[in-house]
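In what follows, a single structure is set out as structure tokens and then discussed.
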Amino acid sequence: MEASALPKEQLLGMYRTMVTIRRFEETIRDLFFQGQIPGFVHVSIGEEAVPTGVCAALTAKDYITTTHRGHGHMLAKGGALKPMMAELFGKRTGYCKGKGGSMHIVSYELGILGANGIVGAGIPIATGAGLASSFRGNDAVAVSFFGDGASNEGTFHESLNLAALWKLPVLYVCQNNGYGEFTPTAESTAVRDIAVRAQGYGIPGVIVDGNDVLAVYEAAQAAVARARRGEGPTLIEAKTYRWEGHVVGEEAFIGFYRPAEEVEAAKQRCPIALFTQRLVGTGFISEAELERIKGEVEREINEAVEFAQSSPLPEPAAALDDLFSA
Amino acid sequence: MPEIGFTQAINEALAEEMERDPAVFVMGEDVKLGAFAATRGLFERFGPARVRNTPISEAAIAGAGVGAAMAGMRPVVEIEFASFFYCCFDQVCNQAAKLRYMSGGQARLPLTFRCVYGAMGSAAAQHSEVVYPQFLAAPGLKIAIPSGAAEMKGLLKAAIRDDNPVLVFEHGRLGWTRAHIPEGDFVLPLGKGAVKREGTDATVIAIGAMVPKALKVAEELAGEGVSIEVWDPRTLVPLDREGMLASVAKTGRVVIADEGHLRGGAAGDLAAIIIDDGFDYLNAPIKRVTALDVPIPFSPPLETYVLPDESKIKAAVHAVLG
């Protein structure tokens with residue numbers, strides 16, 4: 001897809017989302033090293049085109065489920081920086097009042113049915129959200145974002161079969177970043193292209209360049225249209241690369257397990273840099289405009305950090321709230 | 001009051017709730033034909049969209065239930081046998097149980113799981129287990145264990161209307177039981193136990209299918225001049241602590257009868273609560289009557305040896321009476 005095929009406003013919105021994800025995750029990585037963020041932090045730096053391209057094809061009523069590496073999906077679906085940052089700090093003002101943290105950040109209001117600490121667990125949940133849409137006739141689709149590792153989980157296969165059988169409006173978006181935890185995909189997965197697994201369930205399996213936000217958008221749009229027409233699910237494999245480790249700070253306990261050349265080569269295909277070139281190439285977007293957006297994002301991130309830092313911690317006894325609906 | 005059977009109670013509860021609320025739907029393996037007759041006729045009445053026959057994919061079924069509940073439906077998911085829950089443990093214990101809490105109270109999960117549990121006669125270890133103690137250790141799940149047809153109907157209707165995940169355990173051996181149930185909308189609250197027989201000398205706390213056995217023992221012991229109170233918790237979560245402790249305070253002697261295993265089981269859990277909060281009421285140590293700590297065996301004499309029964313309950317009552 002040519003960049004000039006889309007309205008300027010939409011292109012700049014996608015650019016802003018990608019930069020926001022990048023800067024949000026770079027910032028939390030640094031804050032983690034400073035000891036300001038407790039727990040585990042998994043970042044998706046280098047993979048920003050996937051959530052951005054897919055969510056650009058969605059509307060507010062659509063649902064997503066995501067993974068332990070879910071900040072990007074959350075932001076692309078409309079997550080606000082302040083309650084996200086506050087949640088990572090374990091503060092009362094966070095999306096989950098400090099009960100979820102990075103791996104469980106959710107906003108039901110935004111149709112985000114949860115990041116998830118269990119690999120593959122969000123896949124049947126999105127399938128169920130698609131099932132609910134088919135009942136309610138509200139035209140909503142559900143997207144399950146997951147990694148290459150999750151495509152080896154039983155939930156992936158059971159869900160694809162079920163959704164294909166019932167023609168549910170679901171997008172299964174496999175963000176293949178080359179590694180499942182610390183193991184290269186080739187050492188854990190019997191097929192090179194995860195998209196071929198769609199054939200086993202009689203549904204389309206599409207491979208896209210996961211660093212090309214417009215290619216991702218185009219594939220997602222087609223899959224969303226198919227889902228809304230009632231023709232069933234699509235498996236999209238977006239091939240990308242995880243610039244950072246599985247978990248921030250892992251060098252301290254696992255060392256380096258990836259060839260430096262491999263990481264460097266991936267960085268040469270930075271999704272934001274690639275998109276920048278194409279935007280400027282349209283002739284109707286200037287570098288100055290993009291710089292202005294970067295400046296605005298920077299300010300918003302700083303405000304979110306200040307908000308999180310200055311927010312109160314939860315009262316300890318609040319640990320007993322929110323177990324059951326009244 | 002009309003008399004209905006246990007299976008009919010399930011069927012009526014499902015049909016009434018589906019009539020009442022279009023968000024209610026049934027999903028599970030072989031629900032179309034109704035493997036245990038509980039869902040029989042619902043497919044014809046409500047159609048394939050609301051009585052969804054699924055592939056044998058417990059994790060996907062349970063997970064789809066979670067997702068559909070969060071997206072505004074009120075699913076009733078059938079997991080044929082309780083032991084099959086092990087195939088979808090993640091979706092029940094890591095997802096259904098935790099999503100509301102982890103989201104700081106954002107999620108609403110009106111989700112019911114039904115299953116058949118317990119020893120039915122030579123079904124062997126993978127079709128005879130009670131399984132509910134595993135869920136007792138997962139905060140965020142409600143657990144109902146009906147002891148007869150009335151409880152079955154009333155608790156299932158309450159479970160479907162509840163905005164939380166509720167697991168309903170239906171004992172395979174209760175299928176033959178019948179009860180008189182008031183006509184109309186019969187709902188029993190979750191978290192309220194029941195004195196099934198009043199007595200003064202000892203309390204038998206009986207769970208699920210142990211209730212009719214305890215009542216039989218109480219009747220026999222009455223002939224010996226012993227007055228037994230039988231108390232049915234009906235739900236383990238929420239637990240009617242006050243009701244349980246009131247009976248303990250009244251009799252001062254307690255036997256807990258459960259078909260689950262002794263170690264890590266529901267009987268031990270209730271005993272611990274009584275010791276924590278009602279120790280001063282006790283005139284004798286608590287006795288637990290449970291399955292022995294082996295998987296439920298196949299051959300009839302082995303199975304009988306392992307399972308709790310009337311004679312074991314009676315012996316325990318004599319022991320606490322001293």
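By convention in this document, the chains of the structure tokens carry letters A, B, ... by their order, each chain's residues are numbered from 1, and ligands are numbered from 1 in the order they are shown.
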
With a cut-off of 7 Å and counting only C-alpha atoms, select all residues of chain A in contact with chain B and give the selection as a tab-separated table (two decimals) with C-alpha atoms, in the first residue's frame.
```
chain	number	residue	atom	x	y	z
A	96	CYS	CA	-6.09	-1.72	37.51
A	97	LYS	CA	-5.52	0.21	40.75
A	99	LYS	CA	-3.54	-5.00	41.07
A	100	GLY	CA	-2.36	-6.02	37.62
A	104	HIS	CA	-2.18	-7.57	33.24
A	105	ILE	CA	-2.89	-4.06	32.14
A	106	VAL	CA	-6.40	-3.78	30.76
A	108	TYR	CA	-12.57	-2.94	29.42
A	124	PRO	CA	-9.61	-18.44	23.40
A	125	ILE	CA	-10.72	-15.34	25.28
A	126	ALA	CA	-10.71	-13.28	22.07
A	127	THR	CA	-12.50	-16.19	20.43
A	128	GLY	CA	-15.21	-15.88	23.07
A	129	ALA	CA	-15.46	-12.13	22.53
A	131	LEU	CA	-18.63	-15.37	19.79
A	132	ALA	CA	-20.38	-12.71	21.88
A	155	THR	CA	-5.20	-22.96	22.99
A	158	GLU	CA	-8.32	-25.34	19.69
A	159	SER	CA	-9.35	-21.73	19.16
A	322	ASP	CA	-12.43	-6.36	43.64
A	323	LEU	CA	-12.50	-10.16	43.95
A	324	PHE	CA	-16.19	-10.56	43.19
A	325	SER	CA	-18.87	-8.44	41.54
```

Q | Residues within 8 Å of Pro2 of chain B, only C-alpha atoms, excluding chain neighbours under 3 positions, as a ChimeraX atom specification | A | /B:180-183

Q | Distance query Leu6 of chain A at most 12 Å, only C-alpha atoms, self and fewer than 3 positions along chain excluded, as a PyMOL selection string | A | chain A and resi 1-3+9-14+56+214+217-218+278-279+282+284

Generate a file of the selected residues that holds C-alpha atoms, formatted as a short mmCIF file (atom, residue, chain, number, x, y, z; two decimals), in the first residue's frame.
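Writing the result to result_15.cif gives the following:
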```cif
data_model
loop_
_atom_site.label_atom_id
_atom_site.label_comp_id
_atom_site.auth_asym_id
_atom_site.auth_seq_id
_atom_site.Cartn_x
_atom_site.Cartn_y
_atom_site.Cartn_z
CA MET A 1 0.00 0.00 0.00
CA GLU A 2 1.26 3.47 -0.91
CA ALA A 3 1.33 5.99 1.94
CA GLU A 9 -4.42 12.77 9.34
CA GLN A 10 -4.50 8.99 9.53
CA LEU A 11 -0.85 8.64 8.55
CA LEU A 12 0.23 11.10 11.20
CA GLY A 13 -1.94 9.29 13.73
CA MET A 14 -0.16 6.02 12.96
CA ALA A 56 -5.71 1.31 12.78
CA LEU A 214 0.98 -0.05 6.00
CA TYR A 217 -2.78 -2.24 8.14
CA GLU A 218 -3.78 -3.53 4.72
CA ARG A 278 7.63 6.84 3.26
CA LEU A 279 5.77 9.68 4.92
CA THR A 282 4.58 11.47 -0.02
CA PHE A 284 2.67 16.26 1.73
#
```

Distance query Pro146 of chain B at most 9 Å, only C-alpha atoms, self and fewer than 5 positions along chain excluded, as a short mmCIF file (atom, residue, chain, number, x, y, z; two decimals) with C-alpha atoms, in the first residue's frame:
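Dumped to part.cif:
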```cif
data_model
loop_
_atom_site.label_atom_id
_atom_site.label_comp_id
_atom_site.auth_asym_id
_atom_site.auth_seq_id
_atom_site.Cartn_x
_atom_site.Cartn_y
_atom_site.Cartn_z
CA GLU B 151 -30.68 -27.49 45.45
CA MET B 152 -29.75 -28.38 41.90
CA LYS B 153 -32.41 -26.19 40.41
CA GLY B 154 -32.17 -23.34 42.87
CA LEU B 155 -28.38 -23.11 42.93
CA LEU B 156 -27.99 -23.44 39.16
CA VAL B 168 -21.59 -26.13 39.78
CA PHE B 169 -20.72 -29.73 40.67
CA GLU B 170 -23.46 -32.27 39.95
CA HIS B 171 -22.94 -35.70 41.46
CA ILE B 207 -21.16 -31.97 51.09
CA GLY B 208 -23.11 -32.74 47.93
CA ALA B 209 -23.95 -36.41 47.53
CA ASP B 232 -25.42 -28.83 54.06
CA ARG B 234 -24.64 -25.91 49.57
CA THR B 235 -21.81 -23.65 48.41
#
```

Would you kindly return, as a compact mmCIF listing (two decimals) with C-alpha atoms, in the first residue's frame, each protein, DNA or RNA residue with an atom no farther than 6 Å from any atom of segment 236-248 of chain A, considering only C-alpha atoms and excluding same-chain residues fewer than 5 positions away?
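Saved as out31.txt:
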```txt
# COMPACT_ATOMS: atom_id res chain seq x y z
CA VAL A 41 8.76 -5.61 32.27
CA HIS A 42 8.59 -7.02 28.74
CA ILE A 45 10.75 -2.16 20.92
CA GLY A 46 11.16 -2.74 17.18
CA VAL A 173 -2.42 -11.89 14.84
CA CYS A 174 0.80 -13.75 15.41
CA GLN A 175 3.55 -11.24 16.06
CA ASN A 176 6.49 -13.41 15.12
CA ASN A 177 9.48 -11.68 16.67
CA GLY A 178 11.90 -14.56 16.27
CA GLU A 181 11.45 -16.30 25.70
CA ALA A 195 0.73 -18.67 8.77
CA GLY A 205 -3.19 -17.53 6.61
CA VAL A 206 -1.45 -14.32 5.60
CA ILE A 207 2.20 -13.36 5.98
CA VAL A 208 3.06 -9.68 6.22
CA ASP A 209 6.19 -7.68 6.82
CA GLY A 210 5.64 -6.79 10.45
CA ASN A 211 7.95 -3.80 10.16
```

Q: Assign secondary structure with DSSP using the backbone only, and return the residues of segment 262-293 of chain A in helix (DSSP H, G or I) as a ChimeraX atom specification.
A: /A:262-267,271-281,287-293
